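S.K.: Next comes the structure file query.pdb, holding PDB, C-alpha atoms.
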ATOM      1  CA  MET A   1      58.293  92.252  81.762
ATOM      2  CA  PRO A   2      59.488  91.133  85.244
ATOM      3  CA  PRO A   3      60.522  94.010  87.556
ATOM      4  CA  ILE A   4      64.144  92.805  87.761
ATOM      5  CA  VAL A   5      64.409  92.782  83.959
ATOM      6  CA  GLU A   6      62.961  96.291  83.801
ATOM      7  CA  GLU A   7      65.474  97.461  86.397
ATOM      8  CA  ILE A   8      68.386  95.893  84.520
ATOM      9  CA  ALA A   9      67.227  97.448  81.246
ATOM     10  CA  GLN A  10      67.008 100.887  82.888
ATOM     11  CA  LEU A  11      70.486 100.501  84.405
ATOM     12  CA  VAL A  12      71.971  99.426  81.063
ATOM     13  CA  VAL A  13      70.465 102.485  79.344
ATOM     14  CA  ASN A  14      71.817 104.719  82.120
ATOM     15  CA  GLY A  15      75.206 103.001  81.791
ATOM     16  CA  VAL A  16      75.363 103.624  78.055
ATOM     17  CA  MET A  17      74.520 107.297  78.633
ATOM     18  CA  THR A  18      77.175 107.570  81.358
ATOM     19  CA  GLY A  19      79.752 105.621  79.360
ATOM     20  CA  THR A  20      79.327 107.793  76.289
ATOM     21  CA  ILE A  21      80.031 110.899  78.360
ATOM     22  CA  LEU A  22      83.024 109.201  80.040
ATOM     23  CA  ALA A  23      84.383 108.340  76.597
ATOM     24  CA  VAL A  24      84.969 112.020  75.759
ATOM     25  CA  PRO A  25      87.604 112.764  78.467
ATOM     26  CA  ALA A  26      88.908 109.168  78.194
ATOM     27  CA  ILE A  27      89.703 109.835  74.531
ATOM     28  CA  GLY A  28      91.486 113.015  75.604
ATOM     29  CA  LEU A  29      93.589 111.090  78.131
ATOM     30  CA  THR A  30      94.483 108.289  75.733
ATOM     31  CA  THR A  31      95.291 110.716  72.890
ATOM     32  CA  ILE A  32      97.744 112.613  75.071
ATOM     33  CA  TYR A  33      99.295 109.325  76.200
ATOM     34  CA  ALA A  34      99.639 108.082  72.620
ATOM     35  CA  VAL A  35     101.627 111.139  71.523
ATOM     36  CA  LEU A  36     103.454 112.310  74.674
ATOM     37  CA  ARG A  37     103.881 108.890  76.327
ATOM     38  CA  PHE A  38     102.671 109.676  79.834
ATOM     39  CA  PRO A  39      99.264 109.662  81.587
ATOM     40  CA  ASN A  40      98.406 113.302  82.205
ATOM     41  CA  PHE A  41      96.359 113.205  85.416
ATOM     42  CA  ALA A  42      95.962 116.996  85.182
ATOM     43  CA  LEU A  43      93.089 116.063  82.895
ATOM     44  CA  ALA A  44      90.965 115.980  86.084
ATOM     45  CA  SER A  45      91.409 119.678  86.781
ATOM     46  CA  HIS A  46      91.012 120.596  83.113
ATOM     47  CA  ALA A  47      87.655 118.812  83.115
ATOM     48  CA  THR A  48      86.690 121.087  86.001
ATOM     49  CA  VAL A  49      88.067 124.140  84.177
ATOM     50  CA  GLY A  50      85.854 123.282  81.217
ATOM     51  CA  ALA A  51      82.839 122.736  83.462
ATOM     52  CA  PHE A  52      83.257 126.190  85.029
ATOM     53  CA  ALA A  53      84.005 127.863  81.688
ATOM     54  CA  GLY A  54      80.740 126.436  80.385
ATOM     55  CA  TYR A  55      79.005 127.585  83.575
ATOM     56  CA  VAL A  56      80.212 131.166  83.106
ATOM     57  CA  ALA A  57      79.195 131.135  79.442
ATOM     58  CA  ASN A  58      75.760 129.638  80.163
ATOM     59  CA  VAL A  59      74.752 131.220  83.483
ATOM     60  CA  LYS A  60      76.676 134.494  83.611
ATOM     61  CA  LEU A  61      76.689 135.356  79.893
ATOM     62  CA  GLY A  62      73.374 133.731  79.041
ATOM     63  CA  LEU A  63      74.626 131.594  76.154
ATOM     64  CA  PRO A  64      72.702 128.456  75.120
ATOM     65  CA  ILE A  65      74.158 125.043  75.903
ATOM     66  CA  LEU A  66      75.854 124.361  72.564
ATOM     67  CA  PRO A  67      77.906 127.604  72.485
ATOM     68  CA  ALA A  68      78.684 127.077  76.188
ATOM     69  CA  VAL A  69      79.988 123.585  75.418
ATOM     70  CA  LEU A  70      82.220 125.068  72.723
ATOM     71  CA  CYS A  71      83.530 127.590  75.274
ATOM     72  CA  ALA A  72      84.264 124.715  77.676
ATOM     73  CA  PHE A  73      86.303 122.968  74.969
ATOM     74  CA  LEU A  74      88.244 126.079  73.917
ATOM     75  CA  VAL A  75      89.039 127.332  77.427
ATOM     76  CA  ALA A  76      90.103 123.925  78.758
ATOM     77  CA  GLY A  77      92.186 123.324  75.639
ATOM     78  CA  ALA A  78      93.938 126.686  75.943
ATOM     79  CA  VAL A  79      94.644 126.147  79.652
ATOM     80  CA  GLY A  80      95.963 122.687  78.765
ATOM     81  CA  VAL A  81      98.482 124.092  76.286
ATOM     82  CA  VAL A  82      99.673 126.832  78.654
ATOM     83  CA  SER A  83      99.952 124.553  81.685
ATOM     84  CA  ASP A  84     101.829 121.903  79.711
ATOM     85  CA  GLU A  85     104.292 124.393  78.246
ATOM     86  CA  ALA A  86     104.913 126.075  81.600
ATOM     87  CA  ILE A  87     104.849 123.102  84.000
ATOM     88  CA  LEU A  88     104.983 119.663  82.399
ATOM     89  CA  LYS A  89     107.117 120.103  79.280
ATOM     90  CA  PRO A  90     110.240 121.146  81.261
ATOM     91  CA  VAL A  91     110.038 117.977  83.408
ATOM     92  CA  ARG A  92     109.213 115.478  80.621
ATOM     93  CA  PRO A  93     112.909 114.693  79.990
ATOM     94  CA  ALA A  94     113.087 113.472  83.611
ATOM     95  CA  GLY A  95     110.927 110.502  82.670
ATOM     96  CA  PHE A  96     107.471 108.960  82.798
ATOM     97  CA  ILE A  97     107.057 108.779  86.584
ATOM     98  CA  THR A  98     108.314 112.295  87.286
ATOM     99  CA  THR A  99     106.006 113.792  84.674
ATOM    100  CA  ALA A 100     102.981 111.830  85.940
ATOM    101  CA  ILE A 101     103.654 113.043  89.502
ATOM    102  CA  ALA A 102     104.025 116.617  88.218
ATOM    103  CA  SER A 103     100.648 116.301  86.487
ATOM    104  CA  ILE A 104      99.053 115.284  89.804
ATOM    105  CA  ALA A 105     100.590 118.348  91.476
ATOM    106  CA  LEU A 106      99.311 120.495  88.614
ATOM    107  CA  THR A 107      95.764 119.199  88.969
ATOM    108  CA  ILE A 108      95.761 119.988  92.710
ATOM    109  CA  ALA A 109      97.032 123.507  92.001
ATOM    110  CA  LEU A 110      94.411 124.200  89.330
ATOM    111  CA  GLU A 111      91.608 122.843  91.511
ATOM    112  CA  ASN A 112      92.598 125.236  94.275
ATOM    113  CA  VAL A 113      92.712 128.154  91.844
ATOM    114  CA  LEU A 114      89.111 127.324  90.929
ATOM    115  CA  ARG A 115      88.216 127.009  94.613
ATOM    116  CA  PHE A 116      89.589 130.500  95.319
ATOM    117  CA  GLY A 117      87.732 131.912  92.326
ATOM    118  CA  PHE A 118      84.352 130.196  92.658
ATOM    119  CA  GLY A 119      84.204 128.816  96.189
ATOM    120  CA  ASN A 120      83.129 125.317  97.187
ATOM    121  CA  ASP A 121      79.385 125.666  96.574
ATOM    122  CA  LEU A 122      77.593 123.334  94.200
ATOM    123  CA  ARG A 123      76.508 125.100  91.031
ATOM    124  CA  GLY A 124      74.112 124.160  88.261
ATOM    125  CA  TYR A 125      73.564 125.237  84.689
ATOM    126  CA  ASP A 126      70.604 127.240  83.419
ATOM    127  CA  LEU A 127      68.544 124.399  82.010
ATOM    128  CA  PRO A 128      64.835 124.163  81.216
ATOM    129  CA  ILE A 129      62.828 121.791  83.385
ATOM    130  CA  MET A 130      61.509 118.940  81.238
ATOM    131  CA  ARG A 131      59.808 115.670  82.009
ATOM    132  CA  ASP A 132      61.548 112.393  81.312
ATOM    133  CA  TRP A 133      60.599 110.554  78.154
ATOM    134  CA  ARG A 134      59.150 107.075  78.596
ATOM    135  CA  PHE A 135      59.731 104.152  76.258
ATOM    136  CA  GLY A 136      57.777 101.375  77.897
ATOM    137  CA  PRO A 137      59.443 100.782  81.284
ATOM    138  CA  ILE A 138      62.532 102.827  80.326
ATOM    139  CA  ARG A 139      62.862 106.476  81.380
ATOM    140  CA  VAL A 140      65.257 108.799  79.583
ATOM    141  CA  GLY A 141      65.818 112.466  80.395
ATOM    142  CA  PRO A 142      65.851 114.939  77.469
ATOM    143  CA  GLN A 143      69.087 116.418  78.850
ATOM    144  CA  GLN A 144      70.642 112.938  78.839
ATOM    145  CA  VAL A 145      69.776 112.582  75.166
ATOM    146  CA  GLU A 146      71.227 116.023  74.391
ATOM    147  CA  ASN A 147      74.414 115.135  76.291
ATOM    148  CA  LEU A 148      74.619 111.869  74.352
ATOM    149  CA  GLY A 149      74.257 113.717  71.061
ATOM    150  CA  ILE A 150      76.964 116.250  71.972
ATOM    151  CA  ALA A 151      79.354 113.475  73.064
ATOM    152  CA  VAL A 152      78.775 111.434  69.908
ATOM    153  CA  ALA A 153      79.209 114.527  67.711
ATOM    154  CA  ALA A 154      82.501 115.399  69.453
ATOM    155  CA  MET A 155      83.832 111.865  69.008
ATOM    156  CA  ALA A 156      82.747 111.750  65.357
ATOM    157  CA  ALA A 157      84.485 115.093  64.721
ATOM    158  CA  LEU A 158      87.696 113.788  66.296
ATOM    159  CA  PHE A 159      87.650 110.534  64.309
ATOM    160  CA  THR A 160      87.045 112.507  61.117
ATOM    161  CA  PHE A 161      89.883 114.908  61.964
ATOM    162  CA  LEU A 162      92.343 112.069  62.626
ATOM    163  CA  ALA A 163      91.332 109.994  59.614
ATOM    164  CA  PHE A 164      90.918 112.567  56.857
ATOM    165  CA  THR A 165      92.927 115.723  57.598
ATOM    166  CA  ARG A 166      96.622 116.246  56.973
ATOM    167  CA  THR A 167      97.175 117.509  60.519
ATOM    168  CA  GLY A 168      95.313 114.541  61.983
ATOM    169  CA  LYS A 169      97.438 112.116  59.990
ATOM    170  CA  ALA A 170     100.565 113.935  61.191
ATOM    171  CA  MET A 171      99.385 113.533  64.781
ATOM    172  CA  ARG A 172      98.890 109.804  64.221
ATOM    173  CA  ALA A 173     102.348 109.566  62.679
ATOM    174  CA  VAL A 174     103.954 111.121  65.777
ATOM    175  CA  ALA A 175     101.988 108.719  67.969
ATOM    176  CA  ASP A 176     103.123 105.690  65.935
ATOM    177  CA  ASN A 177     106.797 106.599  65.419
ATOM    178  CA  PRO A 178     108.082 110.006  66.602
ATOM    179  CA  MET A 179     111.549 109.513  65.093
ATOM    180  CA  LEU A 180     110.256 108.595  61.640
ATOM    181  CA  ALA A 181     107.721 111.440  61.817
ATOM    182  CA  GLY A 182     110.589 113.858  62.543
ATOM    183  CA  ILE A 183     112.513 112.567  59.531
ATOM    184  CA  LYS A 184     109.438 113.239  57.401
ATOM    185  CA  GLY A 185     109.470 116.856  58.591
ATOM    186  CA  ILE A 186     106.670 116.720  61.147
ATOM    187  CA  ASN A 187     107.314 119.084  64.067
ATOM    188  CA  ALA A 188     106.815 117.033  67.232
ATOM    189  CA  ASP A 189     106.577 120.168  69.426
ATOM    190  CA  VAL A 190     103.725 121.577  67.346
ATOM    191  CA  MET A 191     101.961 118.211  67.416
ATOM    192  CA  GLY A 192     102.470 118.083  71.192
ATOM    193  CA  ARG A 193     100.758 121.453  71.630
ATOM    194  CA  LEU A 194      97.945 120.406  69.313
ATOM    195  CA  VAL A 195      97.348 117.122  71.117
ATOM    196  CA  ASN A 196      97.296 118.938  74.455
ATOM    197  CA  PHE A 197      94.749 121.420  73.121
ATOM    198  CA  VAL A 198      92.524 118.684  71.711
ATOM    199  CA  GLY A 199      92.953 116.291  74.645
ATOM    200  CA  MET A 200      92.346 118.852  77.369
ATOM    201  CA  GLY A 201      89.584 120.442  75.319
ATOM    202  CA  LEU A 202      87.819 117.079  75.252
ATOM    203  CA  ALA A 203      88.368 116.819  79.002
ATOM    204  CA  GLY A 204      86.724 120.226  79.480
ATOM    205  CA  LEU A 205      83.838 119.266  77.230
ATOM    206  CA  GLY A 206      83.411 116.033  79.180
ATOM    207  CA  GLY A 207      83.526 117.920  82.466
ATOM    208  CA  MET A 208      80.690 120.166  81.346
ATOM    209  CA  LEU A 209      78.642 117.171  80.156
ATOM    210  CA  ILE A 210      79.086 115.589  83.579
ATOM    211  CA  GLY A 211      77.956 118.862  85.160
ATOM    212  CA  LEU A 212      74.901 119.082  82.915
ATOM    213  CA  ASP A 213      73.818 115.703  84.253
ATOM    214  CA  THR A 214      74.494 116.612  87.911
ATOM    215  CA  THR A 215      76.115 119.748  89.379
ATOM    216  CA  ILE A 216      79.645 121.143  89.430
ATOM    217  CA  ASP A 217      82.162 122.168  92.083
ATOM    218  CA  PRO A 218      85.986 122.386  92.155
ATOM    219  CA  LEU A 219      86.247 118.588  92.576
ATOM    220  CA  THR A 220      84.064 117.643  89.600
ATOM    221  CA  GLY A 221      86.976 116.348  87.544
ATOM    222  CA  PHE A 222      88.708 114.731  90.505
ATOM    223  CA  ARG A 223      85.658 112.582  91.237
ATOM    224  CA  ALA A 224      85.475 111.422  87.614
ATOM    225  CA  ILE A 225      89.174 110.780  86.951
ATOM    226  CA  LEU A 226      89.205 107.204  88.267
ATOM    227  CA  SER A 227      86.377 106.190  85.920
ATOM    228  CA  VAL A 228      88.047 108.037  83.037
ATOM    229  CA  PHE A 229      91.423 106.402  83.707
ATOM    230  CA  ALA A 230      89.754 102.999  84.103
ATOM    231  CA  ALA A 231      88.024 103.467  80.742
ATOM    232  CA  ALA A 232      91.334 104.259  79.039
ATOM    233  CA  VAL A 233      93.122 101.310  80.668
ATOM    234  CA  VAL A 234      90.297  98.817  80.042
ATOM    235  CA  GLY A 235      90.104  99.772  76.373
ATOM    236  CA  GLY A 236      93.868  99.892  75.930
ATOM    237  CA  LEU A 237      95.840 102.984  76.938
ATOM    238  CA  GLY A 238      96.766 104.766  73.723
ATOM    239  CA  SER A 239      93.839 103.406  71.678
ATOM    240  CA  ILE A 240      91.087 105.880  70.845
ATOM    241  CA  PRO A 241      88.475 103.257  69.863
ATOM    242  CA  GLY A 242      89.565 101.347  72.954
ATOM    243  CA  ALA A 243      88.758 104.374  75.125
ATOM    244  CA  VAL A 244      85.195 104.321  73.770
ATOM    245  CA  VAL A 245      84.816 100.579  74.391
ATOM    246  CA  GLY A 246      86.372 100.920  77.850
ATOM    247  CA  ALA A 247      84.127 103.854  78.773
ATOM    248  CA  LEU A 248      80.982 101.972  77.802
ATOM    249  CA  THR A 249      82.212  98.937  79.747
ATOM    250  CA  VAL A 250      82.924 100.979  82.869
ATOM    251  CA  GLY A 251      79.725 103.036  82.543
ATOM    252  CA  VAL A 252      77.474  99.975  82.263
ATOM    253  CA  GLY A 253      79.440  98.186  84.993
ATOM    254  CA  GLU A 254      79.050 101.115  87.402
ATOM    255  CA  GLU A 255      75.304 101.157  86.855
ATOM    256  CA  LEU A 256      74.778  97.393  87.084
ATOM    257  CA  CYS A 257      76.706  97.216  90.355
ATOM    258  CA  LEU A 258      73.792  99.148  91.890
ATOM    259  CA  LEU A 259      71.798  95.903  91.712
ATOM    260  CA  PHE A 260      73.995  94.478  94.470
ATOM    261  CA  LEU A 261      75.880  97.351  96.098
ATOM    262  CA  SER A 262      75.208 100.715  97.678
ATOM    263  CA  PRO A 263      75.862 103.729  95.403
ATOM    264  CA  ASP A 264      78.739 104.552  97.797
ATOM    265  CA  TYR A 265      80.687 101.636  96.273
ATOM    266  CA  ARG A 266      80.048 102.601  92.678
ATOM    267  CA  GLY A 267      83.546 104.044  92.263
ATOM    268  CA  ALA A 268      85.058 100.686  93.189
ATOM    269  CA  VAL A 269      84.064  99.367  89.767
ATOM    270  CA  GLY A 270      86.899 101.395  88.240
ATOM    271  CA  PHE A 271      89.458  99.818  90.574
ATOM    272  CA  VAL A 272      88.118  96.319  89.885
ATOM    273  CA  ALA A 273      88.126  96.924  86.129
ATOM    274  CA  ILE A 274      91.748  98.115  86.189
ATOM    275  CA  LEU A 275      92.860  95.144  88.300
ATOM    276  CA  LEU A 276      91.080  92.623  86.070
ATOM    277  CA  VAL A 277      92.475  94.097  82.869
ATOM    278  CA  LEU A 278      96.032  94.371  84.192
ATOM    279  CA  THR A 279      95.815  90.761  85.363
ATOM    280  CA  LEU A 280      94.111  89.144  82.365
ATOM    281  CA  ARG A 281      94.987  91.413  79.439
ATOM    282  CA  PRO A 282      97.537  94.088  80.379
ATOM    283  CA  ARG A 283      97.297  95.849  77.009
ATOM    284  CA  GLY A 284      93.530  96.342  77.306
ATOM    285  CA  ILE A 285      90.577  95.079  75.281
ATOM    286  CA  LEU A 286      91.875  96.291  71.921
ATOM    287  CA  GLY A 287      95.476  95.468  72.747
ATOM    288  CA  GLN A 288      97.324  98.361  71.175
ATOM    289  CA  ARG A 289      96.870 101.753  69.575
ATOM    290  CA  ALA A 290      94.285 101.734  66.851
ATOM    291  CA  TYR A 291      92.696 104.745  65.175
TER     292      TYR A 291
END
Just give me the structure as structure tokens.
M.R.:
Amino acid sequence: MPPIVEEIAQLVVNGVMTGTILAVPAIGLTTIYAVLRFPNFALASHATVGAFAGYVANVKLGLPILPAVLCAFLVAGAVGVVSDEAILKPVRPAGFITTAIASIALTIALENVLRFGFGNDLRGYDLPIMRDWRFGPIRVGPQQVENLGIAVAAMAALFTFLAFTRTGKAMRAVADNPMLAGIKGINADVMGRLVNFVGMGLAGLGGMLIGLDTTIDPLTGFRAILSVFAAAVVGGLGSIPGAVVGALTVGVGEELCLLFLSPDYRGAVGFVAILLVLTLRPRGILGQRAY
């Protein structure tokens, strides 16, 4: 196999791994948008909250990775509900733009709370040192495979919840038509709290998965939010399957750009993806909400 083909194959595999992890918080962002009708950029700080909650559970309390990931989901979800009720819910009647700006202010505030509590140092999880697996010219890290499995399991659980449970169907009903859902007796406030818990919980889980692949600090979520937002927009903001497609597209695109560009420009792929989609297909790849 020619060296350039081997390099492309390795980058595509890395992109799929990265995109699958990006899909988890992207689904959280698009789920919140589908129900509450605004892009909650505070997802960035909640991803960091989850990353640090998992760090405390894993490093300080000595829990294995899977229970630590569950802690990341639960803590980020709980913080998401409290922060929305206290900060964002009172300003939602003021409109889309006001609420989005408030969510940016909230994410800055939460990041600084984490900075005061944990400092600015890079931190890593307590992980065993293992050699990469080789499949011909392709190298894959065991931790990458574990992260992939956790991400896929989380997405499968969410799809199952939305498709087959009464509460999941109620959430979809509020997303599709809040007025009709209210007539049918579905409490929009309860669904709003639930979607915040699930969406921010997924953000926290995604933040920990990002940290497992690298390191964490108070800006972990902030650095990832552009790629997450790009994934949601590319797939179709409000579409959960679209968030998965968009995340894989952005993840592979970010890796393949390394063939031509310095890693410093990797983040530009998100900007380019958003511009292309808004220009050529403003509703995203899948066009509209689809569950």
S.K.: When you look at Val24 of chain A with a cut-off of 6 Å (counting all atoms listed in the file), what residues show up, excluding the ones that are within fewer than 2 positions of it in the same chain? I need them as a list in words.
M.R.: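 Contacts, with the query itself left out: Ile21, Leu22, Ala26, Ile27, Leu202 and Gly206 of chain A.
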S.K.: Any chance you could export the current selection's C-alpha atoms as a PDB file, keeping the file's coordinate frame?
M.R.:
ATOM      1  CA  ILE A  21      80.031 110.899  78.360  1.00  0.00           C
ATOM      2  CA  LEU A  22      83.024 109.201  80.040  1.00  0.00           C
ATOM      3  CA  ALA A  26      88.908 109.168  78.194  1.00  0.00           C
ATOM      4  CA  ILE A  27      89.703 109.835  74.531  1.00  0.00           C
ATOM      5  CA  LEU A 202      87.819 117.079  75.252  1.00  0.00           C
ATOM      6  CA  GLY A 206      83.411 116.033  79.180  1.00  0.00           C
TER       7      GLY A 206
END
S.K.: Hey, which of A:Val234, A:Glu255, A:Val245, A:Thr167 ends up closest to Leu280 of chain A? Count only C-alpha atoms.
M.R.: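 Among A:Val234, A:Glu255, A:Val245, A:Thr167, it is A:Val234 that comes nearest to Leu280 of chain A.
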S.K.: Show me, as a count of residues only, the residues that have an atom within 8 Å of segment 53-59 of chain A when counting all atoms listed in the file, minus same-chain residues fewer than 3 positions from it.
M.R.: 18
S.K.: Near Ser45 of chain A, counting all atoms listed in the file, which residues have an atom at most 7 Å away, once you skip same-chain residues fewer than 3 positions from it, shown as an MDAnalysis selection string?
M.R.: chainID A and resid 42 48:49 107 110:111 221:222
S.K.: List as a list of chain:residue names the protein and nucleic acid residues near Arg172 of chain A, meaning an atom at most 10 Å away when only C-alpha atoms are counted, but skip any in the same chain fewer than 2 places from it.
M.R.: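 Close residues of Arg172 of chain A: A:Thr31, A:Ala34, A:Val35, A:Leu162, A:Ala163, A:Arg166, A:Thr167, A:Gly168, A:Lys169, A:Ala170, A:Val174, A:Ala175, A:Asp176, A:Asn177, A:Pro178, A:Ala181, A:Met191, A:Arg289, A:Ala290, A:Tyr291.
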S.K.: With distances taken over all atoms listed in the file, which residue among A:Phe135, A:Phe116, A:Phe159, A:Phe260 lies nearest Val244 of chain A?
M.R.: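 Of A:Phe135, A:Phe116, A:Phe159, A:Phe260, the one nearest Val244 of chain A, counting all atoms listed in the file, is A:Phe159.
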S.K.: Between A:Thr165, A:Gly238, A:Ala231, A:Gly284, single out the one closest to Gly270 of chain A, counting all atoms listed in the file.
M.R.: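 Residue with the minimum atom-to-atom distance to Gly270 of chain A: A:Ala231.
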S.K.: On this structure, the PyMOL selection byres ((chain A and resi 11) around 9) would catch which residues? List them as a list in words, sorted by chain and number.
M.R.: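 Answer for the PyMOL selection byres ((chain A and resi 11) around 9): Glu6, Glu7, Ile8, Ala9, Gln10, Val12, Val13, Asn14, Gly15, Val16, Val252, Glu255, Leu256, Leu258 and Leu259 of chain A.
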S.K.: Using atom CA of Thr220 of chain A and atom CA of Leu248 of chain A as the two end points, give the distance in Å to one decimal.
M.R.: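 Between atom CA of Thr220 of chain A and atom CA of Leu248 of chain A the gap is 19.9 Å.
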S.K.: Is it possible to get the axis-aligned box enclosing segment 150-155 of chain A (all listed atoms, 3 Å extra per side) as JSON, with centre and edge lengths in Å rounded to one decimal?
M.R.:
{"center_x": 80.4, "center_y": 113.8, "center_z": 70.4, "size_x": 12.9, "size_y": 10.8, "size_z": 11.4}
S.K.: Pull out every residue that the PyMOL selection byres ((chain A and resi 101) around 12) matches in the shown coordinates and put them as a list in words.
M.R.: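 What the PyMOL selection byres ((chain A and resi 101) around 12) grabs from the file is Phe38, Pro39, Asn40, Phe41, Ala42, Ile87, Leu88, Val91, Arg92, Ala94, Gly95, Phe96, Ile97, Thr98, Thr99, Ala100, Ala102, Ser103, Ile104, Ala105, Leu106, Thr107 and Ile108 of chain A.
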S.K.: Filtering to C-alpha atoms, could you give me those residues as a PDB file, in the frame of the given file?
M.R.:
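again_30.pdb written:
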ATOM      1  CA  PHE A  38     102.671 109.676  79.834  1.00  0.00           C
ATOM      2  CA  PRO A  39      99.264 109.662  81.587  1.00  0.00           C
ATOM      3  CA  ASN A  40      98.406 113.302  82.205  1.00  0.00           C
ATOM      4  CA  PHE A  41      96.359 113.205  85.416  1.00  0.00           C
ATOM      5  CA  ALA A  42      95.962 116.996  85.182  1.00  0.00           C
ATOM      6  CA  ILE A  87     104.849 123.102  84.000  1.00  0.00           C
ATOM      7  CA  LEU A  88     104.983 119.663  82.399  1.00  0.00           C
ATOM      8  CA  VAL A  91     110.038 117.977  83.408  1.00  0.00           C
ATOM      9  CA  ARG A  92     109.213 115.478  80.621  1.00  0.00           C
ATOM     10  CA  ALA A  94     113.087 113.472  83.611  1.00  0.00           C
ATOM     11  CA  GLY A  95     110.927 110.502  82.670  1.00  0.00           C
ATOM     12  CA  PHE A  96     107.471 108.960  82.798  1.00  0.00           C
ATOM     13  CA  ILE A  97     107.057 108.779  86.584  1.00  0.00           C
ATOM     14  CA  THR A  98     108.314 112.295  87.286  1.00  0.00           C
ATOM     15  CA  THR A  99     106.006 113.792  84.674  1.00  0.00           C
ATOM     16  CA  ALA A 100     102.981 111.830  85.940  1.00  0.00           C
ATOM     17  CA  ALA A 102     104.025 116.617  88.218  1.00  0.00           C
ATOM     18  CA  SER A 103     100.648 116.301  86.487  1.00  0.00           C
ATOM     19  CA  ILE A 104      99.053 115.284  89.804  1.00  0.00           C
ATOM     20  CA  ALA A 105     100.590 118.348  91.476  1.00  0.00           C
ATOM     21  CA  LEU A 106      99.311 120.495  88.614  1.00  0.00           C
ATOM     22  CA  THR A 107      95.764 119.199  88.969  1.00  0.00           C
ATOM     23  CA  ILE A 108      95.761 119.988  92.710  1.00  0.00           C
TER      24      ILE A 108
END
S.K.: Tell me, in Å to one decimal, how far atom CA of Ile129 of chain A is from atom CA of Leu212 of chain A.
M.R.: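 It comes out at 12.4 Å.
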